[in-house]
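Trainee: Please find one structure pasted underneath; my questions will follow.
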Protein chains: 2
Amino acid sequence: MALVAGDMEAVNALIAERMRSGVPMIPDLAGHLINSGGKRLRPMLTLAAARLSGYSGQDHVKLAATVEFIHTATLLHDDVVDGSDMRRGKAAANILWGNKPSVLVGDFLFSRAFQLMVETGSLRVLDILSNASAVIAEGEVMQLTTTNNIATTEDTYMQVIAAKTAALFSAATEVGAVVAGLPEEKAGALATYGRSFGIAFQLIDDVLDYGGTSETLGKSVGDDFREGKVTLPMLLAHARGTAEEKAFWTRVVIPTQQREGDLERAIELMSARGALADTVEAARRHGEAAKQALGGFPAMPEREVLTDIVDFCVERAY
Amino acid sequence: MALVAGDMEAVNALIAERMRSGVPMIPDLAGHLINSGGKRLRPMLTLAAARLSGYSGQDHVKLAATVEFIHTATLLHDDVVDGSDMRRGKAAANILWGNKPSVLVGDFLFSRAFQLMVETGSLRVLDILSNASAVIAEGEVMQLTTTNNIATTEDTYMQVIAAKTAALFSAATEVGAVVAGLPEEKAGALATYGRSFGIAFQLIDDVLDYGGTSETLGKSVGDDFREGKVTLPMLLAHARGTAEEKAFWTRVVIPTQQREGDLERAIELMSARGALADTVEAARRHGEAAKQALGGFPAMPEREVLTDIVDFCVERAY
């Protein structure tokens, strides 16, 4: 991470600068989320991808900030849509300021993202990032149609996470190559890396929402369950369950039908049916595909960073 | 209007095409609003401005659709933020589909707008429209801070409407000139036209929310009042009121403190204090400024359209 530390400092300074507004509520609300200790994973991907592509300019800093603004805008809207109480261990912005400012400041950050990317003057970059934004929104709407629906297919679930999560990872790495002027084939390889990593990342995230495969439960365990969000661990446990277990899943996917002890039973069943382990295994496979996509790039430290981050992400689940 | 009818048909076809998505809820929800008989005023401005600027290509159709998508996205988010029941005489999308899809489909339309403008390949156009988007969002947040606040100054109110309404009118007309390749000075004149017209339009809208200056009340009268939205008619009536009237305004600006008959009294006081007439007069002045900004353009039918639409808008209030 030290490799991109200087660039990341520039990204953070740019984010702070562009969050500013004559309307104080905007930097207050946006800063609450942006300075809440997020991992800056997506901008890091852009920075590393650009450097791996041999880029020596400064536009990658703008693109990294763009990607973080898009991500932050979607988090603000997600928290309104999900009625979330907490985000990154703090009260969510929608709780502290209300839904209205959260929606509108999300719109502001989204606009700021577009202003920043326009400054790079690269139409190819604008194309990639505006397409990604549309796909993300489509994925979020598609996810609404799968919520509380235990009949969701594995294929639909994969489409949802490819759109809502992997599209931004993919754009984040692809624009790093594009800003460096790499040919389409090489940029495509970095896009593939991002897409595969994004899918792996979301699969692990969904496993961690049930505490991972270890016995110790993290603090935000059960959020997806309580909202009736249908993710791969639930789909696998349902598909492999007995008739009685299928009835359990059909009941608990509707939050109002949940009872004391249901989350614990859900985790037990997911463990017993290998649903968590197999979701991690799927993530591992997508992670391998991500790493393989980097094969054509020189063995620079940045390639190692991009490889290691995939392993680190998948290992979080153990 | 017949003058731009052919172009507007192309805009409507493009809007229908770009609303499409593999997720059926998106065109369903977006179409509900987009096909609900909106006036297409903003895209009409773009079309007329481009033709007045001598443009003979087809990119102005994309820009007009862009402007309508941005407008529609803000309407969807506004209705969530305001908790609106009705929009254009039909149940609002947030009522029929819920807040979640309305927020996310708004994000989708916003992304579609950016995709469309990127297709024009004009960085200057992208700059204008991405800046306008940021200003609109700032204006919407600023408006939140004025809601329920009778101490809002006239200057702050003017800033709010310049940002939330006039910025998009201004961008809509300016990009018409830019896509036609007009020099900055001419494009600036069309931007000024749009900005002044946008302010006039919003002032009249705020008057119409109290039924205009006539005795007959329209159907959506009182929405702003019931939400405690502070607009110029209220500010003027408050500033010119007696101590007892000031106490009335201070009470009723908080929706929970409103009583039966308050809206009728509010309209009476606004009339008695000349608040509605003077707001219309302010609109008329901004409308004149808009028309004057067109002085340097040839006396083409498109100039007449842009002039007449201003008069038509101001006259709505009588």
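If you're wondering about the labels, chains in the structure tokens are A, B, ... by order shown, residues count from 1 in each chain, ligands from 1 in order shown.
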Up to 9 Å from chain A, what residues of chain B turn up? Count only C-alpha atoms and give them as a short mmCIF file (atom, residue, chain, number, x, y, z; two decimals) with all heavy atoms, in the first residue's frame.

Mentor:
```cif
data_model
loop_
_atom_site.label_atom_id
_atom_site.label_comp_id
_atom_site.auth_asym_id
_atom_site.auth_seq_id
_atom_site.Cartn_x
_atom_site.Cartn_y
_atom_site.Cartn_z
N SER B 21 -34.25 -0.99 -20.50
CA SER B 21 -33.31 -1.67 -19.62
C SER B 21 -33.76 -3.12 -19.52
O SER B 21 -34.93 -3.43 -19.68
CB SER B 21 -33.32 -1.02 -18.24
OG SER B 21 -32.77 -1.89 -17.28
N GLY B 22 -32.81 -4.01 -19.24
CA GLY B 22 -33.16 -5.40 -19.00
C GLY B 22 -33.95 -5.57 -17.70
O GLY B 22 -34.50 -6.64 -17.44
N VAL B 23 -34.00 -4.52 -16.89
CA VAL B 23 -34.74 -4.56 -15.63
C VAL B 23 -36.07 -3.82 -15.87
O VAL B 23 -36.10 -2.59 -15.92
CB VAL B 23 -33.94 -3.87 -14.50
CG1 VAL B 23 -34.65 -4.03 -13.17
CG2 VAL B 23 -32.52 -4.42 -14.44
N PRO B 24 -37.17 -4.57 -16.03
CA PRO B 24 -38.44 -3.96 -16.48
C PRO B 24 -38.94 -2.83 -15.59
O PRO B 24 -39.61 -1.91 -16.07
CB PRO B 24 -39.43 -5.14 -16.45
CG PRO B 24 -38.59 -6.38 -16.45
CD PRO B 24 -37.29 -6.02 -15.79
N MET B 25 -38.62 -2.88 -14.29
CA MET B 25 -39.12 -1.84 -13.40
C MET B 25 -38.61 -0.45 -13.83
O MET B 25 -39.28 0.56 -13.59
CB MET B 25 -38.68 -2.12 -11.96
CG MET B 25 -39.35 -1.23 -10.93
SD MET B 25 -38.55 -1.36 -9.32
CE MET B 25 -39.43 -2.74 -8.60
N ILE B 26 -37.45 -0.42 -14.47
CA ILE B 26 -36.86 0.87 -14.85
C ILE B 26 -37.70 1.59 -15.91
O ILE B 26 -38.16 2.71 -15.66
CB ILE B 26 -35.38 0.71 -15.27
CG1 ILE B 26 -34.54 0.35 -14.04
CG2 ILE B 26 -34.85 1.98 -15.93
CD1 ILE B 26 -33.07 0.07 -14.32
N THR B 74 -34.28 14.58 -11.37
CA THR B 74 -34.46 15.46 -10.21
C THR B 74 -35.92 15.44 -9.73
O THR B 74 -36.16 15.51 -8.53
CB THR B 74 -34.03 16.91 -10.50
OG1 THR B 74 -34.86 17.45 -11.53
CG2 THR B 74 -32.58 17.00 -10.94
N HIS B 77 -36.34 12.35 -7.55
CA HIS B 77 -35.73 12.54 -6.22
C HIS B 77 -36.47 13.59 -5.41
O HIS B 77 -36.65 13.43 -4.20
CB HIS B 77 -34.25 12.89 -6.38
CG HIS B 77 -33.41 11.72 -6.80
ND1 HIS B 77 -32.05 11.76 -6.93
CD2 HIS B 77 -33.77 10.44 -7.11
CE1 HIS B 77 -31.60 10.57 -7.30
NE2 HIS B 77 -32.62 9.75 -7.42
N ASP B 78 -36.93 14.66 -6.08
CA ASP B 78 -37.72 15.69 -5.38
C ASP B 78 -38.96 15.08 -4.74
O ASP B 78 -39.31 15.42 -3.61
CB ASP B 78 -38.22 16.76 -6.37
CG ASP B 78 -37.15 17.80 -6.65
OD1 ASP B 78 -36.06 17.70 -6.06
OD2 ASP B 78 -37.41 18.68 -7.48
N VAL B 80 -39.49 12.09 -3.78
CA VAL B 80 -39.13 11.30 -2.60
C VAL B 80 -38.84 12.24 -1.44
O VAL B 80 -39.33 12.06 -0.32
CB VAL B 80 -37.89 10.41 -2.89
CG1 VAL B 80 -37.34 9.82 -1.61
CG2 VAL B 80 -38.24 9.31 -3.89
N VAL B 81 -38.04 13.27 -1.73
CA VAL B 81 -37.62 14.21 -0.68
C VAL B 81 -38.83 14.95 -0.09
O VAL B 81 -38.92 15.16 1.12
CB VAL B 81 -36.57 15.19 -1.26
CG1 VAL B 81 -36.40 16.41 -0.38
CG2 VAL B 81 -35.23 14.47 -1.44
N ASP B 82 -39.76 15.34 -0.94
CA ASP B 82 -40.94 16.09 -0.48
C ASP B 82 -42.08 15.18 -0.01
O ASP B 82 -43.08 15.67 0.49
CB ASP B 82 -41.48 16.98 -1.61
CG ASP B 82 -40.51 18.09 -1.99
OD1 ASP B 82 -39.62 18.38 -1.18
OD2 ASP B 82 -40.65 18.64 -3.10
N ASN B 99 -40.28 4.58 -2.39
CA ASN B 99 -39.13 5.49 -2.43
C ASN B 99 -37.89 4.84 -3.03
O ASN B 99 -37.12 5.48 -3.74
CB ASN B 99 -38.80 5.99 -1.03
CG ASN B 99 -39.79 7.06 -0.55
OD1 ASN B 99 -40.50 7.66 -1.35
ND2 ASN B 99 -39.82 7.28 0.75
N LYS B 100 -37.67 3.58 -2.69
CA LYS B 100 -36.42 2.93 -3.11
C LYS B 100 -36.26 2.94 -4.63
O LYS B 100 -35.27 3.43 -5.15
CB LYS B 100 -36.37 1.48 -2.59
CG LYS B 100 -36.41 1.38 -1.08
CD LYS B 100 -36.43 -0.08 -0.63
CE LYS B 100 -36.64 -0.13 0.88
NZ LYS B 100 -36.33 -1.47 1.41
N PRO B 101 -37.26 2.38 -5.37
CA PRO B 101 -37.10 2.41 -6.83
C PRO B 101 -37.02 3.83 -7.37
O PRO B 101 -36.32 4.07 -8.35
CB PRO B 101 -38.36 1.70 -7.34
CG PRO B 101 -38.82 0.86 -6.20
CD PRO B 101 -38.46 1.65 -4.96
N VAL B 103 -35.62 6.51 -6.01
CA VAL B 103 -34.25 7.00 -5.86
C VAL B 103 -33.34 6.34 -6.90
O VAL B 103 -32.58 7.01 -7.60
CB VAL B 103 -33.70 6.71 -4.44
CG1 VAL B 103 -32.20 6.99 -4.37
CG2 VAL B 103 -34.44 7.55 -3.41
N LEU B 104 -33.44 5.03 -7.03
CA LEU B 104 -32.51 4.29 -7.89
C LEU B 104 -32.78 4.51 -9.37
O LEU B 104 -31.84 4.61 -10.17
CB LEU B 104 -32.55 2.81 -7.54
CG LEU B 104 -32.14 2.49 -6.09
CD1 LEU B 104 -32.33 1.01 -5.79
CD2 LEU B 104 -30.70 2.91 -5.81
N VAL B 105 -34.05 4.62 -9.76
CA VAL B 105 -34.35 4.90 -11.17
C VAL B 105 -33.93 6.34 -11.50
O VAL B 105 -33.47 6.63 -12.61
CB VAL B 105 -35.83 4.63 -11.50
CG1 VAL B 105 -36.17 5.08 -12.92
CG2 VAL B 105 -36.14 3.14 -11.35
N GLY B 106 -34.05 7.23 -10.52
CA GLY B 106 -33.50 8.58 -10.71
C GLY B 106 -32.01 8.51 -11.00
O GLY B 106 -31.51 9.16 -11.93
N ASP B 107 -31.29 7.72 -10.24
CA ASP B 107 -29.85 7.55 -10.48
C ASP B 107 -29.60 6.98 -11.88
O ASP B 107 -28.66 7.38 -12.57
CB ASP B 107 -29.23 6.60 -9.44
CG ASP B 107 -29.20 7.21 -8.05
OD1 ASP B 107 -29.44 8.43 -7.92
OD2 ASP B 107 -28.90 6.48 -7.09
N PHE B 108 -30.43 6.05 -12.27
CA PHE B 108 -30.29 5.45 -13.60
C PHE B 108 -30.48 6.51 -14.69
O PHE B 108 -29.68 6.59 -15.64
CB PHE B 108 -31.31 4.31 -13.77
CG PHE B 108 -31.32 3.71 -15.15
CD1 PHE B 108 -30.38 2.77 -15.52
CD2 PHE B 108 -32.27 4.09 -16.08
CE1 PHE B 108 -30.37 2.22 -16.80
CE2 PHE B 108 -32.28 3.55 -17.36
CZ PHE B 108 -31.33 2.62 -17.71
N LEU B 109 -31.51 7.32 -14.57
CA LEU B 109 -31.78 8.35 -15.59
C LEU B 109 -30.66 9.39 -15.63
O LEU B 109 -30.28 9.88 -16.69
CB LEU B 109 -33.13 9.03 -15.33
CG LEU B 109 -34.35 8.13 -15.50
CD1 LEU B 109 -35.62 8.93 -15.20
CD2 LEU B 109 -34.42 7.54 -16.90
N PHE B 110 -30.15 9.71 -14.47
CA PHE B 110 -29.03 10.62 -14.36
C PHE B 110 -27.81 10.05 -15.11
O PHE B 110 -27.13 10.74 -15.87
CB PHE B 110 -28.73 10.81 -12.88
CG PHE B 110 -27.97 12.05 -12.56
CD1 PHE B 110 -28.26 13.26 -13.17
CD2 PHE B 110 -26.95 12.01 -11.62
CE1 PHE B 110 -27.54 14.41 -12.85
CE2 PHE B 110 -26.23 13.15 -11.30
CZ PHE B 110 -26.52 14.35 -11.92
N SER B 111 -27.58 8.75 -14.94
CA SER B 111 -26.46 8.09 -15.64
C SER B 111 -26.71 8.06 -17.14
O SER B 111 -25.79 8.26 -17.94
CB SER B 111 -26.29 6.65 -15.14
OG SER B 111 -26.08 6.64 -13.76
N ARG B 112 -27.95 7.78 -17.52
CA ARG B 112 -28.30 7.77 -18.94
C ARG B 112 -28.05 9.15 -19.55
O ARG B 112 -27.58 9.26 -20.69
CB ARG B 112 -29.78 7.41 -19.11
CG ARG B 112 -30.06 5.95 -19.16
CD ARG B 112 -29.65 5.37 -20.51
NE ARG B 112 -30.07 4.00 -20.67
CZ ARG B 112 -29.29 2.93 -20.45
NH1 ARG B 112 -28.04 3.09 -20.08
NH2 ARG B 112 -29.76 1.72 -20.64
N ALA B 113 -28.36 10.19 -18.79
CA ALA B 113 -28.10 11.56 -19.26
C ALA B 113 -26.62 11.72 -19.57
O ALA B 113 -26.24 12.26 -20.62
CB ALA B 113 -28.55 12.58 -18.21
N PHE B 114 -25.77 11.23 -18.68
CA PHE B 114 -24.33 11.39 -18.90
C PHE B 114 -23.86 10.56 -20.08
O PHE B 114 -23.02 11.01 -20.87
CB PHE B 114 -23.55 11.07 -17.63
CG PHE B 114 -23.52 12.26 -16.71
CD1 PHE B 114 -24.34 12.34 -15.60
CD2 PHE B 114 -22.69 13.32 -17.01
CE1 PHE B 114 -24.34 13.46 -14.78
CE2 PHE B 114 -22.67 14.45 -16.19
CZ PHE B 114 -23.50 14.52 -15.08
N GLN B 115 -24.42 9.37 -20.23
CA GLN B 115 -24.05 8.56 -21.40
C GLN B 115 -24.38 9.30 -22.69
O GLN B 115 -23.58 9.34 -23.62
CB GLN B 115 -24.80 7.23 -21.37
CG GLN B 115 -24.29 6.24 -20.34
CD GLN B 115 -25.09 4.95 -20.38
OE1 GLN B 115 -26.30 4.97 -20.21
NE2 GLN B 115 -24.41 3.84 -20.59
N VAL B 118 -22.08 12.27 -23.38
CA VAL B 118 -20.74 11.82 -23.77
C VAL B 118 -20.72 11.48 -25.26
O VAL B 118 -19.73 11.73 -25.96
CB VAL B 118 -20.29 10.61 -22.92
CG1 VAL B 118 -19.04 9.95 -23.49
CG2 VAL B 118 -20.04 11.04 -21.47
N GLU B 119 -21.84 10.94 -25.75
CA GLU B 119 -21.91 10.57 -27.17
C GLU B 119 -21.73 11.76 -28.12
O GLU B 119 -21.35 11.57 -29.28
CB GLU B 119 -23.26 9.90 -27.47
CG GLU B 119 -23.34 8.48 -26.94
CD GLU B 119 -24.72 7.86 -27.18
OE1 GLU B 119 -25.41 8.29 -28.12
OE2 GLU B 119 -25.09 6.95 -26.42
N GLY B 121 -19.51 13.93 -27.81
CA GLY B 121 -18.07 14.11 -27.96
C GLY B 121 -17.58 15.53 -27.72
O GLY B 121 -16.43 15.85 -27.98
N SER B 122 -18.46 16.39 -27.21
CA SER B 122 -18.05 17.78 -26.97
C SER B 122 -17.71 17.99 -25.50
O SER B 122 -18.59 17.96 -24.62
CB SER B 122 -19.17 18.73 -27.37
OG SER B 122 -18.97 20.00 -26.76
N LEU B 123 -16.44 18.24 -25.21
CA LEU B 123 -16.03 18.42 -23.82
C LEU B 123 -16.64 19.69 -23.22
O LEU B 123 -16.94 19.73 -22.03
CB LEU B 123 -14.50 18.47 -23.72
CG LEU B 123 -13.83 17.10 -23.90
CD1 LEU B 123 -12.33 17.27 -24.10
CD2 LEU B 123 -14.10 16.20 -22.69
N LEU B 126 -20.04 18.81 -22.10
CA LEU B 126 -19.96 17.98 -20.90
C LEU B 126 -19.66 18.83 -19.68
O LEU B 126 -20.20 18.60 -18.60
CB LEU B 126 -18.87 16.92 -21.08
CG LEU B 126 -19.23 15.81 -22.06
CD1 LEU B 126 -18.00 15.07 -22.55
CD2 LEU B 126 -20.19 14.83 -21.39
N ASP B 127 -18.79 19.81 -19.88
CA ASP B 127 -18.44 20.72 -18.80
C ASP B 127 -19.68 21.50 -18.33
O ASP B 127 -19.98 21.55 -17.13
CB ASP B 127 -17.38 21.68 -19.35
CG ASP B 127 -16.74 22.52 -18.26
OD1 ASP B 127 -16.46 21.96 -17.19
OD2 ASP B 127 -16.55 23.72 -18.48
N LEU B 129 -22.92 20.83 -18.73
CA LEU B 129 -23.99 20.03 -18.15
C LEU B 129 -23.59 19.38 -16.83
O LEU B 129 -24.42 19.24 -15.92
CB LEU B 129 -24.48 18.99 -19.15
CG LEU B 129 -25.36 19.57 -20.27
CD1 LEU B 129 -25.54 18.58 -21.41
CD2 LEU B 129 -26.74 19.96 -19.72
N SER B 130 -22.31 18.99 -16.68
CA SER B 130 -21.91 18.41 -15.39
C SER B 130 -21.87 19.51 -14.32
O SER B 130 -22.23 19.27 -13.17
CB SER B 130 -20.58 17.66 -15.49
OG SER B 130 -19.53 18.52 -15.83
N ASN B 131 -21.45 20.72 -14.70
CA ASN B 131 -21.50 21.83 -13.74
C ASN B 131 -22.94 22.13 -13.33
O ASN B 131 -23.23 22.34 -12.16
CB ASN B 131 -20.88 23.10 -14.35
CG ASN B 131 -19.37 22.99 -14.49
OD1 ASN B 131 -18.76 22.08 -13.93
ND2 ASN B 131 -18.78 23.88 -15.25
N ALA B 132 -23.84 22.15 -14.32
CA ALA B 132 -25.25 22.42 -14.00
C ALA B 132 -25.79 21.39 -13.02
O ALA B 132 -26.50 21.73 -12.07
CB ALA B 132 -26.08 22.44 -15.28
N SER B 133 -25.45 20.13 -13.24
CA SER B 133 -25.93 19.07 -12.34
C SER B 133 -25.49 19.31 -10.91
O SER B 133 -26.27 19.12 -9.97
CB SER B 133 -25.41 17.70 -12.79
OG SER B 133 -25.98 17.35 -14.01
N ALA B 134 -24.24 19.69 -10.75
CA ALA B 134 -23.72 19.94 -9.39
C ALA B 134 -24.44 21.13 -8.76
O ALA B 134 -24.81 21.09 -7.58
CB ALA B 134 -22.22 20.16 -9.43
N VAL B 135 -24.66 22.16 -9.56
CA VAL B 135 -25.33 23.36 -9.04
C VAL B 135 -26.78 23.04 -8.65
O VAL B 135 -27.27 23.50 -7.62
CB VAL B 135 -25.27 24.50 -10.08
CG1 VAL B 135 -26.17 25.67 -9.66
CG2 VAL B 135 -23.83 24.99 -10.24
N ILE B 136 -27.45 22.23 -9.47
CA ILE B 136 -28.83 21.84 -9.15
C ILE B 136 -28.88 21.13 -7.79
O ILE B 136 -29.70 21.45 -6.94
CB ILE B 136 -29.41 20.91 -10.24
CG1 ILE B 136 -29.59 21.66 -11.56
CG2 ILE B 136 -30.75 20.30 -9.80
CD1 ILE B 136 -29.84 20.75 -12.76
N ALA B 137 -27.97 20.17 -7.61
CA ALA B 137 -27.96 19.42 -6.34
C ALA B 137 -27.67 20.36 -5.17
O ALA B 137 -28.32 20.27 -4.11
CB ALA B 137 -26.93 18.30 -6.39
N GLU B 138 -26.75 21.29 -5.36
CA GLU B 138 -26.47 22.28 -4.30
C GLU B 138 -27.72 23.09 -3.99
O GLU B 138 -28.03 23.35 -2.83
CB GLU B 138 -25.35 23.23 -4.74
CG GLU B 138 -23.96 22.74 -4.41
CD GLU B 138 -22.89 23.75 -4.82
OE1 GLU B 138 -22.97 24.27 -5.95
OE2 GLU B 138 -21.97 23.97 -4.02
N GLY B 139 -28.44 23.50 -5.04
CA GLY B 139 -29.66 24.28 -4.84
C GLY B 139 -30.71 23.51 -4.08
O GLY B 139 -31.42 24.06 -3.23
N GLU B 140 -30.81 22.22 -4.36
CA GLU B 140 -31.82 21.38 -3.68
C GLU B 140 -31.47 21.25 -2.19
O GLU B 140 -32.35 21.29 -1.34
CB GLU B 140 -31.87 19.99 -4.32
CG GLU B 140 -32.25 19.98 -5.78
CD GLU B 140 -33.76 19.91 -6.01
OE1 GLU B 140 -34.51 19.90 -5.02
OE2 GLU B 140 -34.17 19.86 -7.18
N VAL B 141 -30.16 21.09 -1.91
CA VAL B 141 -29.77 21.00 -0.49
C VAL B 141 -29.99 22.34 0.19
O VAL B 141 -30.50 22.40 1.31
CB VAL B 141 -28.29 20.55 -0.35
CG1 VAL B 141 -27.90 20.51 1.13
CG2 VAL B 141 -28.07 19.19 -0.98
N MET B 142 -29.64 23.43 -0.50
CA MET B 142 -29.84 24.76 0.07
C MET B 142 -31.32 24.97 0.38
O MET B 142 -31.68 25.55 1.41
CB MET B 142 -29.34 25.83 -0.90
CG MET B 142 -29.03 27.16 -0.22
SD MET B 142 -28.87 28.52 -1.40
CE MET B 142 -27.30 28.17 -2.12
N LEU B 144 -33.46 22.80 1.27
CA LEU B 144 -33.80 22.11 2.52
C LEU B 144 -33.56 23.02 3.72
O LEU B 144 -34.31 22.99 4.69
CB LEU B 144 -32.94 20.85 2.69
CG LEU B 144 -33.24 19.64 1.83
CD1 LEU B 144 -32.31 18.51 2.23
CD2 LEU B 144 -34.70 19.21 1.97
N THR B 145 -32.46 23.79 3.65
CA THR B 145 -32.12 24.62 4.81
C THR B 145 -33.04 25.85 4.92
O THR B 145 -33.07 26.50 5.96
CB THR B 145 -30.64 25.10 4.74
OG1 THR B 145 -30.52 26.00 3.64
CG2 THR B 145 -29.70 23.92 4.53
#
```

Trainee: Between B:Ile161, B:Met8, B:Ala92, B:Ala275, which residue has the minimum interatomic distance to Ala200 in chain B, considering only C-alpha atoms?

Mentor: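 Ranked by minimum distance to Ala200 in chain B, first place goes to B:Ile161.
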
Trainee: For a test of reading the model, state the distance in Å between CA of Arg251 in chain B and CA of Phe225 in chain B, rounded to one decimal.

Mentor: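 Taking CA of Arg251 in chain B as the start and CA of Phe225 in chain B as the end point, the length is 11.7 Å.
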
Trainee: Just the residues within 8 Å of Lys291 in chain A, please, counting only C-alpha atoms, with nothing from its chain fewer than 6 positions along; format it as a list in words.

Mentor: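 Once the nearby chain positions are removed, what remains is Tyr193, Leu306, Thr307 and Val310 of chain A.
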
Trainee: Suppose we keep N, CA and C atoms; can you now write the selection as a PDB file, in the first residue's frame?

Mentor:
```pdb
ATOM      1  N   TYR A 193      -9.720  -7.952 -14.884  1.00  0.00           N
ATOM      2  CA  TYR A 193      -9.215  -8.057 -13.507  1.00  0.00           C
ATOM      3  C   TYR A 193     -10.214  -7.421 -12.533  1.00  0.00           C
ATOM      4  N   LEU A 306      -1.827  -5.551  -6.827  1.00  0.00           N
ATOM      5  CA  LEU A 306      -3.143  -5.935  -7.353  1.00  0.00           C
ATOM      6  C   LEU A 306      -3.416  -7.426  -7.139  1.00  0.00           C
ATOM      7  N   THR A 307      -2.371  -8.230  -7.135  1.00  0.00           N
ATOM      8  CA  THR A 307      -2.518  -9.663  -6.867  1.00  0.00           C
ATOM      9  C   THR A 307      -2.790  -9.906  -5.382  1.00  0.00           C
ATOM     10  N   VAL A 310      -6.264  -9.156  -3.918  1.00  0.00           N
ATOM     11  CA  VAL A 310      -7.267 -10.181  -4.192  1.00  0.00           C
ATOM     12  C   VAL A 310      -7.186 -11.283  -3.132  1.00  0.00           C
TER      13      VAL A 310
END
```

Trainee: Of the candidates B:Thr153, B:Thr279, B:Ser170, B:Thr147, which shows the shortest atom-to-atom distance to Val252 in chain B, using only C-alpha atoms?

Mentor: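 Result for the nearest residue to Val252 in chain B: B:Thr147.
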
Trainee: Return as a VMD selection string the full set of residues in range 194-307 of chain A whose backbone-based DSSP assignment is alpha helix (DSSP H).

Mentor: chain A and resid 194 to 208 223 to 227 232 to 240 243 to 252 262 to 272 275 to 292 301 to 307
